Amino acid sequence: MSAARLSPGGGGSVLESASMVHVAERGVLDATHRVILYLEGITVSFDGFRALNQLTLYVEKGELRCVIGPNGAGKTTMMDVITGKTRPESGTAFFGQTMDLTRMSEAEIAHAGIGRKFQKPTVFERHTVFENLELALKADRRVRASLFARLRDDARDRIAEMLRFIRLAEEADRPAGLLSHGQKQWLEIGMLLVQEPQLLLLDEPVAGMSDDETERTAELIASLAGKHSVVVVEHDMEFIARLGGKVTVLDEGAVLAEGTLQAVQDDPRVVEVYLGR
Amino acid sequence: MELAIRRQLVPRLIGAVPRAGWVALAALGLVAFVILPALHLLAPAGSRLHVSAYVITVGGKIMCYAIVAVALDLIWGYGGILSLGHGLFFALGGYAFGMYLMRSIGREGVYQADLPDFMVFLDWKSLPWYWRGTDHAPWAFLLVVAVPALLALVFGLFAFRSRIRGVYFSIITQALTFAAMLFFFRNETGFGGNNGFTDFKRIMGFSVTAPSTRVVLFVLTAAMLAATLVATRYLVRSKFGRILTAIRDSESRVMFLGYDPLPYKLFAWTVSAVLCAVAGALYVPQVGIINPSEMSPGNSIEIAIWVAVGGRGTLVGAVVGAALVNLAKSWFTAAFPEYWLFFLGLLFILVTRFMPEGVVGLGRRLLGGRPA
């Protein structure tokens with residue numbers, strides 16, 4: 001499997017990566033080549049419309065990556081491909097060296113360490129804030145375990161710590177449906193974090209937030225980089241500027257430009273895409 | 001680890017039910033295990049305290065229905081899976097135990113033959129293979145549990161794996177029970193055709209019509225209902241239950257948290273089917289008959305109405321709904337037999353329109369409690 005791909009580190013050849021014996025242990029991330037996510041030549045069409053067109057993108061371990069682009073550029077479809085919701089017609093999607101995302105179910109992908117925050121916050125509205133985090137907490141996901149599961153003290157501490165981090169300690173016992181929009185966004189981010197994912201996908205995390213909330217969210221996300229790889233899809237340029245990190249511009253399902261925010265903003269093609277319509 | 005789990009299970013079962021629940025269960029136990037049996041067996045027939053066989057039978061019947069309603073509430077109220085074919089599992093349990101009761105008749109049937117009467121009538125010379133062993137009670141008990149469990153497992157596996165949900169799932173369950181009904185209606189399938197099984201004589205050597213046998217069946221049914229309530233309550237209060245309700249509310253979110261919803265749905269679905277089957281097995285000796293009409297789609301819809309009337313997602317509401325609707329039915333079908341179905345339909349519309357949380361939800365709101 002891994003031999004079929006070019007090693008993206010730049011130096012590695014096809015032969016080399018084939019000879020490096022990767023013990024393809026199921027569900028265990030192998031990010032020995034610094035890169036955690038490989039998308040190569042991904043194409044997805046819906047009724048003839050090409051949502052993704054030969055998209056190629058790499059995300060490094062610990063990197064904070066922002067993806068921008070006009071509506072319909074394929075940002076959400078890209079997330080769908082990574083999380084197994086949509087299968088590409090062609091192209092490869094690998095998580096680390098060994099995990100072929102196009103062959104895994106949504107649950108397997110999540111279990112392997114990719115967490116996703118949706119555009120519209122989706123929390124379990126009828127469960128309490130605490131229970132939302134409890135269900136998300138990294139633990140045995142099988143039925144048998146769930147029947148006899150009991151929260152250990154360390155798990156309780158971990159949830160309490162997360163509640164403080166996302167500033168929802170006061171709301172722990174309230175149904176999540178009663179939270180404000182911004183609080184739901186944070187709760188969802190908290191639910192991602194307690195899964196201890198390697199890669200976080202955040203789809204418009206500050207949509208509908210006040211300026212103050214946006215600023216605090218930027219701090220929160222920036223503090224994640226290094227420990228986790230984070231991919232943020234966002235429209236809000238100011239927010240992206242605050243996050244720092246590399247920016248990828250998508251247009252018509254493919255990468256148009258990549259680099260620092262300043263560099264892509266100065267790129268005439270990017271200007272054309274944004275202002276030309 | 002295993003041992004620790006087992007040692008903890010009893011206190012955790014106890015802890016799963018709130019104190020008021022235990023008080024209610026104790027009261028139910030007192031009435032069902034002591035007072036009613038005593039008044040039926042000991043009070044003389046003429047006395048005002050005497051409880052008639054009719055009351056014992058209707059009470060036992062309604063408790064069987066209540067078990068079915070709780071089973072449906074587990075998957076519908078908590079799992080969001082509306083089955084309109086749960087009557088099938090009830091009937092299968094009834095048929096499996098009915099086979100044992102038929103075999104227990106021995107040579108006391110109309111034709112005084114070794115085979116059940118309907119087989120003699122069909123001119124069959126020997127028992128079909130699937131009747132083998134049904135004269136032994138333990139084998140019959142095994143069939144009561146295993147056959148519906150297997151059917152539920154296979155059906156659930158295909159349905160849930162294909163991600164069939166909502167109204168589509170409900171329609172398929174209707175079709176399933178309807179198909180089974182047609183199958184059991186046929187004489188050559190060996191289940192007594194449209195007459196089903198009846199004229200039972202003995203159960204474990206005791207006469208089925210003897211007052212003491214009736215009381216034992218009544219007590220067993222009450223115990224089963226209590227056990228069902230405690231077990232389902234434990235399930236819905238466990239992490240399993242929280243995941244099940246999370247699947248109900250946002251299945252894709254659950255998947256993106258790394259859970260595979262399939263085994264969760266399948267487990268709840270199969271447990272629910274087995275509970276129905278046990279209720280069916282308790283029902284048949286008390287009522288004295290099982291026939292394919294138990295599998296009619298209308299019967300299964302009625303089960304959903306019991307749960308809706310009592311209050312979905314409350315467990316105890318299912319018991320209340322089953323009791324209220326069936327008591328109303330007993331009275332209605334005697335007073336205005338031809339209007340019962342209209343009344344039932346009207347009841348369903350009124351409840352869903354004005355009491356979405358059923359009787360229990362209404363009660364809670366009146367008492368000012370927070371909805372569960």
# chains A, B, ... in the order shown; residues from 1 in each chain; ligands from 1
>>> select_by_dssp(residues="range 63-146 of chain B", states="helix (DSSP H, G or I)", output="JSON, numbers by chain")
{"B": [63, 64, 65, 66, 67, 68, 69, 70, 71, 72, 73, 74, 75, 76, 77, 78, 86, 87, 88, 89, 90, 91, 92, 93, 94, 95, 96, 97, 98, 99, 100, 101, 102, 103, 104, 106, 107, 108, 117, 118, 119, 120, 121, 129, 130, 131, 137, 138, 139, 140, 141, 142, 143, 144, 145, 146]}
>>> write_last_selection(atoms="C-alpha atoms", output="mmCIF file, in the first residue's frame")
data_model
loop_
_atom_site.group_PDB
_atom_site.id
_atom_site.type_symbol
_atom_site.label_atom_id
_atom_site.label_comp_id
_atom_site.auth_asym_id
_atom_site.auth_seq_id
_atom_site.Cartn_x
_atom_site.Cartn_y
_atom_site.Cartn_z
ATOM 1 C CA MET B 63 -48.340 -7.353 32.851
ATOM 2 C CA CYS B 64 -47.202 -9.364 29.797
ATOM 3 C CA TYR B 65 -48.196 -6.408 27.619
ATOM 4 C CA ALA B 66 -46.362 -4.089 29.998
ATOM 5 C CA ILE B 67 -43.133 -6.080 29.529
ATOM 6 C CA VAL B 68 -43.534 -5.725 25.752
ATOM 7 C CA ALA B 69 -44.162 -2.009 26.118
ATOM 8 C CA VAL B 70 -41.027 -1.551 28.240
ATOM 9 C CA ALA B 71 -39.066 -3.523 25.633
ATOM 10 C CA LEU B 72 -40.333 -1.231 22.881
ATOM 11 C CA ASP B 73 -39.598 1.846 24.970
ATOM 12 C CA LEU B 74 -35.982 0.714 25.294
ATOM 13 C CA ILE B 75 -35.417 0.842 21.539
ATOM 14 C CA TRP B 76 -37.932 3.528 20.584
ATOM 15 C CA GLY B 77 -37.756 5.920 23.512
ATOM 16 C CA TYR B 78 -34.021 5.605 24.069
ATOM 17 C CA HIS B 86 -42.701 -6.150 17.955
ATOM 18 C CA GLY B 87 -45.797 -8.320 18.099
ATOM 19 C CA LEU B 88 -43.815 -10.807 16.039
ATOM 20 C CA PHE B 89 -41.249 -11.442 18.780
ATOM 21 C CA PHE B 90 -44.028 -11.683 21.349
ATOM 22 C CA ALA B 91 -45.860 -14.220 19.184
ATOM 23 C CA LEU B 92 -42.700 -16.226 18.466
ATOM 24 C CA GLY B 93 -42.043 -16.596 22.185
ATOM 25 C CA GLY B 94 -45.675 -17.584 22.604
ATOM 26 C CA TYR B 95 -45.511 -20.120 19.801
ATOM 27 C CA ALA B 96 -42.261 -21.630 21.077
ATOM 28 C CA PHE B 97 -43.740 -22.170 24.513
ATOM 29 C CA GLY B 98 -47.077 -23.147 22.954
ATOM 30 C CA MET B 99 -45.324 -26.055 21.244
ATOM 31 C CA TYR B 100 -44.354 -27.361 24.670
ATOM 32 C CA LEU B 101 -47.910 -26.894 25.946
ATOM 33 C CA MET B 102 -49.274 -28.729 22.903
ATOM 34 C CA ARG B 103 -46.917 -31.627 23.506
ATOM 35 C CA SER B 104 -47.929 -31.698 27.184
ATOM 36 C CA GLY B 106 -50.320 -35.962 25.431
ATOM 37 C CA ARG B 107 -53.186 -38.282 24.552
ATOM 38 C CA GLU B 108 -55.846 -36.131 26.151
ATOM 39 C CA ASP B 117 -54.792 -32.678 17.143
ATOM 40 C CA PHE B 118 -54.183 -30.384 14.200
ATOM 41 C CA MET B 119 -51.497 -32.728 12.878
ATOM 42 C CA VAL B 120 -53.837 -35.684 13.139
ATOM 43 C CA PHE B 121 -56.410 -33.622 11.303
ATOM 44 C CA TRP B 129 -38.219 -32.004 12.738
ATOM 45 C CA TYR B 130 -38.577 -28.604 14.362
ATOM 46 C CA TRP B 131 -41.044 -30.028 16.901
ATOM 47 C CA ALA B 137 -39.561 -27.776 29.084
ATOM 48 C CA PRO B 138 -35.863 -26.708 29.149
ATOM 49 C CA TRP B 139 -35.634 -27.092 25.366
ATOM 50 C CA ALA B 140 -38.831 -25.058 25.014
ATOM 51 C CA PHE B 141 -37.361 -22.316 27.239
ATOM 52 C CA LEU B 142 -34.277 -22.277 25.062
ATOM 53 C CA LEU B 143 -36.398 -21.941 21.931
ATOM 54 C CA VAL B 144 -38.395 -19.114 23.510
ATOM 55 C CA VAL B 145 -35.217 -17.084 23.858
ATOM 56 C CA ALA B 146 -33.050 -18.323 20.995
#
>>> residues_around(residues="Pro128 in chain B", least_positions_apart="5", cutoff="12 Å", atoms="only C-alpha atoms", output="list of chain:residue names")
B:Met99, B:Leu115, B:Pro116, B:Met119, B:Gly133, B:Thr134, B:Glu188, B:Thr189, B:Gly190, B:Phe191
>>> closest_residue(among="B:Ser272, B:Thr221, B:Thr173, B:Asn299", to="Gly85 in chain B", atoms="only C-alpha atoms")
B:Thr173
>>> residues_around(residues="Ala155 in chain A", least_positions_apart="5", cutoff="12 Å", atoms="only C-alpha atoms", output="ChimeraX atom specification")
/A:130-131,133-139,149-150,160-162,194-195
>>> interface_residues(of="chain A", to="chain B", cutoff="7 Å", atoms="only C-alpha atoms", output="PyMOL selection string")
chain A and resi 106-108+110-111+115-116+122+124+136+141+143+146-147+149
>>> residues_around(residues="Ser45 in chain A", least_positions_apart="5", cutoff="9 Å", atoms="only C-alpha atoms", output="PyMOL selection string")
chain A and resi 50-53+88-89
>>> closest_residue(among="A:His33, A:Leu202, A:Val129, A:Asp236", to="Arg174 in chain A", atoms="only C-alpha atoms")
A:Val129
>>> residues_around(residues="Ile301 in chain B", least_positions_apart="4", cutoff="7 Å", atoms="only C-alpha atoms", output="PyMOL selection string")
chain B and resi 84+297+305
>>> residues_around(residues="Ser90 in chain A", least_positions_apart="2", cutoff="8 Å", atoms="only C-alpha atoms", output="PyMOL selection string")
chain A and resi 41-44+88+92
